[in-house]
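One structure below.
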Amino acid sequence: SSGINAEYGKYSDDLLKRLLPAVKNQAMSAADRLGIQQDLFALAKAGYSSTANLLTLMGSYMTERNYVVLSNINANLADLAGLFNHLPCYEQFKAMRRRIFSKILSEVGWEKKETDGHTDALLRNMLIGTLGHSGDTEVITKCKEMFNQHVCGEKQIPADIRGSVYSTVRNSGDEKDYENLLTLLEEPIFTRRETEFRGYWAAA
């Protein structure tokens, strides 16, 4: 470790400015990239650093591919969303989330690849869900198309992204989508698909 976490509480504007390129270019370890944003999030939440500094830092992770780092960022941004969702800046906040994660999804893709590592499926599912809930129109449209094909029996939704597709449709669908979701819930055969969906329905 480079000892960055030992500097907890000492992220001056100048230090942060110097750290941004190292985060963006991944010139430091994944542990340090994780630690920096964890520290700054904790500081901002406690009122010791500005939220603006935190969001500036988050924008440097658009080239990040480490699942642990990205899932932690996603969790922290979800926490911030609870603070911003009633403020005029909430749409800007959602746009920032889309900027961070949309390029990553374009590279990870929607379908499993032979080159996927053991965390790629988790990353793919997380990205789709996050972008869907952040109002990404392309992701929402794609999720609806996949869901309709799934309901009609044309093509099943891959298991590794099924949860996020269900969740996105649940939150962004129209009346017809809603009726299809209810139909799934009412199916008498309690398959793994329905078990998954009931969980996502209840959590939405």
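Every chain in the structure tokens has a letter given in the order shown (A, B, ...), and although residue numbers restart at 1 in each chain, ligands are simply numbered from 1 in the order shown.
The neighbours of segment 105-116 of chain A here are the residues that come within 10 Å of it, using only C-alpha atoms and leaving out any residue fewer than 2 positions away in the same chain; they are Arg65, Ile100, Phe101, Ser102, Lys103, His118, Thr119, Asp120, Ala121, Leu123, Arg124, Asn125, Met126, Leu127, Ile128, Leu131, Val139, Lys142, Ile157, Pro158, Asp160 and Ile161 of chain A.
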**Item:** Long-range neighbours of Asn74 of chain A as an MDAnalysis selection string, 10 Å cut-off, only C-alpha atoms, 2 positions minimum in chain
**Value:** chainID A and resid 58 68:72 76:80 97 100:101 126:127 130
Would you mind exporting N, CA, C and O atoms of the selected residues as a compact mmCIF listing (two decimals), in the first residue's frame?
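Okay, selection_21.txt is ready:
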# COMPACT_ATOMS: atom_id res chain seq x y z
N MET A 58 -15.17 11.22 -8.09
CA MET A 58 -15.92 10.12 -8.69
C MET A 58 -15.82 10.14 -10.21
O MET A 58 -15.79 9.10 -10.86
N VAL A 68 -14.68 -4.53 -7.24
CA VAL A 68 -14.76 -4.13 -5.84
C VAL A 68 -14.78 -2.60 -5.72
O VAL A 68 -15.58 -2.03 -4.97
N VAL A 69 -13.92 -1.94 -6.47
CA VAL A 69 -13.87 -0.48 -6.46
C VAL A 69 -15.19 0.10 -6.96
O VAL A 69 -15.78 0.98 -6.33
N LEU A 70 -15.66 -0.41 -8.09
CA LEU A 70 -16.88 0.14 -8.70
C LEU A 70 -18.12 -0.14 -7.85
O LEU A 70 -19.01 0.72 -7.75
N SER A 71 -18.19 -1.30 -7.23
CA SER A 71 -19.36 -1.59 -6.40
C SER A 71 -19.39 -0.71 -5.17
O SER A 71 -20.47 -0.30 -4.71
N ASN A 72 -18.21 -0.36 -4.65
CA ASN A 72 -18.15 0.53 -3.50
C ASN A 72 -18.56 1.95 -3.90
O ASN A 72 -19.30 2.62 -3.18
N ASN A 76 -21.80 4.09 -2.52
CA ASN A 76 -21.68 5.45 -1.97
C ASN A 76 -22.54 6.44 -2.73
O ASN A 76 -23.16 7.33 -2.14
N LEU A 77 -22.59 6.29 -4.05
CA LEU A 77 -23.45 7.18 -4.86
C LEU A 77 -24.92 6.92 -4.56
O LEU A 77 -25.73 7.86 -4.55
N ALA A 78 -25.27 5.68 -4.31
CA ALA A 78 -26.66 5.37 -3.95
C ALA A 78 -27.02 6.02 -2.62
O ALA A 78 -28.13 6.51 -2.43
N ASP A 79 -26.05 6.06 -1.71
CA ASP A 79 -26.25 6.74 -0.42
C ASP A 79 -26.47 8.23 -0.64
O ASP A 79 -27.38 8.84 -0.05
N LEU A 80 -25.65 8.82 -1.52
CA LEU A 80 -25.81 10.24 -1.82
C LEU A 80 -27.14 10.53 -2.51
O LEU A 80 -27.74 11.60 -2.31
N ARG A 97 -23.95 10.07 -12.65
CA ARG A 97 -23.88 8.61 -12.51
C ARG A 97 -23.87 7.94 -13.88
O ARG A 97 -23.13 6.97 -14.10
N ILE A 100 -20.42 8.25 -15.45
CA ILE A 100 -19.42 7.37 -14.85
C ILE A 100 -19.56 5.94 -15.35
O ILE A 100 -18.58 5.29 -15.71
N PHE A 101 -20.80 5.45 -15.43
CA PHE A 101 -21.00 4.03 -15.66
C PHE A 101 -21.34 3.63 -17.10
O PHE A 101 -21.16 2.46 -17.45
N MET A 126 -24.67 -5.08 -12.09
CA MET A 126 -24.67 -3.84 -11.32
C MET A 126 -24.79 -2.62 -12.23
O MET A 126 -25.56 -1.69 -11.95
N LEU A 127 -24.04 -2.60 -13.32
CA LEU A 127 -24.04 -1.46 -14.23
C LEU A 127 -25.41 -1.25 -14.86
O LEU A 127 -25.91 -0.12 -14.94
N THR A 130 -27.84 0.08 -12.16
CA THR A 130 -27.54 1.47 -11.79
C THR A 130 -27.94 2.44 -12.89
O THR A 130 -28.56 3.48 -12.63
**Message:** I'd like the contact shell of Leu20 of chain A - 10 Å cut-off, only C-alpha atoms, skipping same-chain residues fewer than 2 positions apart - returned as a list in words.
**Reply:**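 Counting only the stated atoms, we get Leu15, Leu16, Lys17, Arg18, Ala22, Val23, Lys24, Asn25, Gln26, Thr56, Leu57, Met58, Gly59, Ser60 and Tyr61 of chain A.
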Just to be explicit: take each residue in the selection above, keep all heavy atoms, and write the result as a tab-separated table (two decimals), in the first residue's frame.
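selection_2.tsv, freshly written:
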chain	number	residue	atom	x	y	z
A	15	LEU	N	-3.96	18.50	-3.06
A	15	LEU	CA	-3.65	17.08	-3.06
A	15	LEU	C	-4.64	16.32	-3.93
A	15	LEU	O	-4.25	15.44	-4.72
A	15	LEU	CB	-3.69	16.53	-1.63
A	15	LEU	CG	-3.52	15.01	-1.48
A	15	LEU	CD1	-2.19	14.55	-2.07
A	15	LEU	CD2	-3.64	14.59	-0.02
A	16	LEU	N	-5.90	16.66	-3.81
A	16	LEU	CA	-6.93	15.99	-4.60
A	16	LEU	C	-6.68	16.20	-6.09
A	16	LEU	O	-6.78	15.25	-6.89
A	16	LEU	CB	-8.31	16.51	-4.22
A	16	LEU	CG	-9.50	15.85	-4.92
A	16	LEU	CD1	-9.54	14.36	-4.62
A	16	LEU	CD2	-10.81	16.52	-4.49
A	17	LYS	N	-6.31	17.42	-6.46
A	17	LYS	CA	-6.03	17.73	-7.86
A	17	LYS	C	-4.88	16.87	-8.39
A	17	LYS	O	-4.89	16.42	-9.54
A	17	LYS	CB	-5.71	19.22	-8.02
A	17	LYS	CG	-5.56	19.67	-9.45
A	17	LYS	CD	-5.23	21.16	-9.53
A	17	LYS	CE	-6.37	22.00	-9.01
A	17	LYS	NZ	-6.11	23.45	-9.19
A	18	ARG	N	-3.89	16.64	-7.55
A	18	ARG	CA	-2.74	15.83	-7.97
A	18	ARG	C	-3.06	14.34	-8.00
A	18	ARG	O	-2.43	13.58	-8.74
A	18	ARG	CB	-1.56	16.10	-7.03
A	18	ARG	CG	-0.93	17.47	-7.24
A	18	ARG	CD	0.34	17.67	-6.43
A	18	ARG	NE	0.06	17.96	-5.03
A	18	ARG	CZ	0.39	17.17	-4.02
A	18	ARG	NH1	0.98	16.00	-4.26
A	18	ARG	NH2	0.13	17.52	-2.78
A	22	ALA	N	-3.83	10.12	-11.29
A	22	ALA	CA	-3.38	8.78	-10.88
A	22	ALA	C	-4.56	7.83	-10.75
A	22	ALA	O	-4.44	6.64	-11.04
A	22	ALA	CB	-2.63	8.88	-9.56
A	23	VAL	N	-5.70	8.35	-10.31
A	23	VAL	CA	-6.91	7.53	-10.24
A	23	VAL	C	-7.40	7.20	-11.64
A	23	VAL	O	-7.66	6.04	-11.97
A	23	VAL	CB	-8.02	8.26	-9.45
A	23	VAL	CG1	-9.34	7.50	-9.54
A	23	VAL	CG2	-7.62	8.45	-8.00
A	24	LYS	N	-7.48	8.21	-12.48
A	24	LYS	CA	-7.99	8.02	-13.84
A	24	LYS	C	-7.12	7.07	-14.64
A	24	LYS	O	-7.63	6.22	-15.38
A	24	LYS	CB	-8.08	9.38	-14.54
A	24	LYS	CG	-8.68	9.30	-15.93
A	24	LYS	CD	-8.82	10.69	-16.54
A	24	LYS	CE	-9.45	10.61	-17.92
A	24	LYS	NZ	-9.62	11.97	-18.52
A	25	ASN	N	-5.81	7.20	-14.52
A	25	ASN	CA	-4.88	6.36	-15.28
A	25	ASN	C	-4.54	5.06	-14.57
A	25	ASN	O	-3.73	4.27	-15.08
A	25	ASN	CB	-3.59	7.15	-15.55
A	25	ASN	CG	-3.83	8.41	-16.36
A	25	ASN	OD1	-4.70	8.42	-17.22
A	25	ASN	ND2	-3.07	9.45	-16.07
A	26	GLN	N	-5.13	4.85	-13.40
A	26	GLN	CA	-4.89	3.64	-12.60
A	26	GLN	C	-3.40	3.45	-12.33
A	26	GLN	O	-2.85	2.35	-12.43
A	26	GLN	CB	-5.51	2.42	-13.27
A	26	GLN	CG	-7.01	2.57	-13.44
A	26	GLN	CD	-7.69	1.34	-14.01
A	26	GLN	OE1	-7.10	0.27	-14.09
A	26	GLN	NE2	-8.93	1.49	-14.43
A	56	THR	N	-16.20	15.34	-7.88
A	56	THR	CA	-15.08	15.53	-8.82
A	56	THR	C	-14.22	14.28	-8.85
A	56	THR	O	-13.81	13.81	-9.93
A	56	THR	CB	-14.23	16.74	-8.40
A	56	THR	OG1	-15.03	17.92	-8.47
A	56	THR	CG2	-13.03	16.90	-9.33
A	57	LEU	N	-13.93	13.73	-7.69
A	57	LEU	CA	-13.14	12.50	-7.62
A	57	LEU	C	-13.86	11.36	-8.32
A	57	LEU	O	-13.25	10.61	-9.08
A	57	LEU	CB	-12.88	12.14	-6.16
A	57	LEU	CG	-12.20	10.78	-5.93
A	57	LEU	CD1	-10.76	10.81	-6.47
A	57	LEU	CD2	-12.21	10.41	-4.45
A	58	MET	N	-15.17	11.22	-8.09
A	58	MET	CA	-15.92	10.12	-8.69
A	58	MET	C	-15.82	10.14	-10.21
A	58	MET	O	-15.79	9.10	-10.86
A	58	MET	CB	-17.39	10.21	-8.27
A	58	MET	CG	-17.65	9.98	-6.80
A	58	MET	SD	-17.21	8.32	-6.26
A	58	MET	CE	-17.97	8.28	-4.63
A	59	GLY	N	-15.75	11.35	-10.77
A	59	GLY	CA	-15.65	11.46	-12.22
A	59	GLY	C	-14.37	10.91	-12.80
A	59	GLY	O	-14.27	10.69	-14.01
A	60	SER	N	-13.38	10.65	-11.94
A	60	SER	CA	-12.11	10.10	-12.41
A	60	SER	C	-12.13	8.58	-12.53
A	60	SER	O	-11.15	7.97	-12.95
A	60	SER	CB	-10.98	10.50	-11.44
A	60	SER	OG	-10.83	11.90	-11.39
A	61	TYR	N	-13.25	7.97	-12.16
A	61	TYR	CA	-13.33	6.51	-12.17
A	61	TYR	C	-14.01	5.95	-13.43
A	61	TYR	O	-14.37	4.78	-13.46
A	61	TYR	CB	-14.07	6.01	-10.93
A	61	TYR	CG	-13.27	6.13	-9.66
A	61	TYR	CD1	-13.29	7.30	-8.90
A	61	TYR	CD2	-12.49	5.06	-9.20
A	61	TYR	CE1	-12.55	7.41	-7.73
A	61	TYR	CE2	-11.75	5.17	-8.03
A	61	TYR	CZ	-11.79	6.34	-7.30
A	61	TYR	OH	-11.05	6.45	-6.13
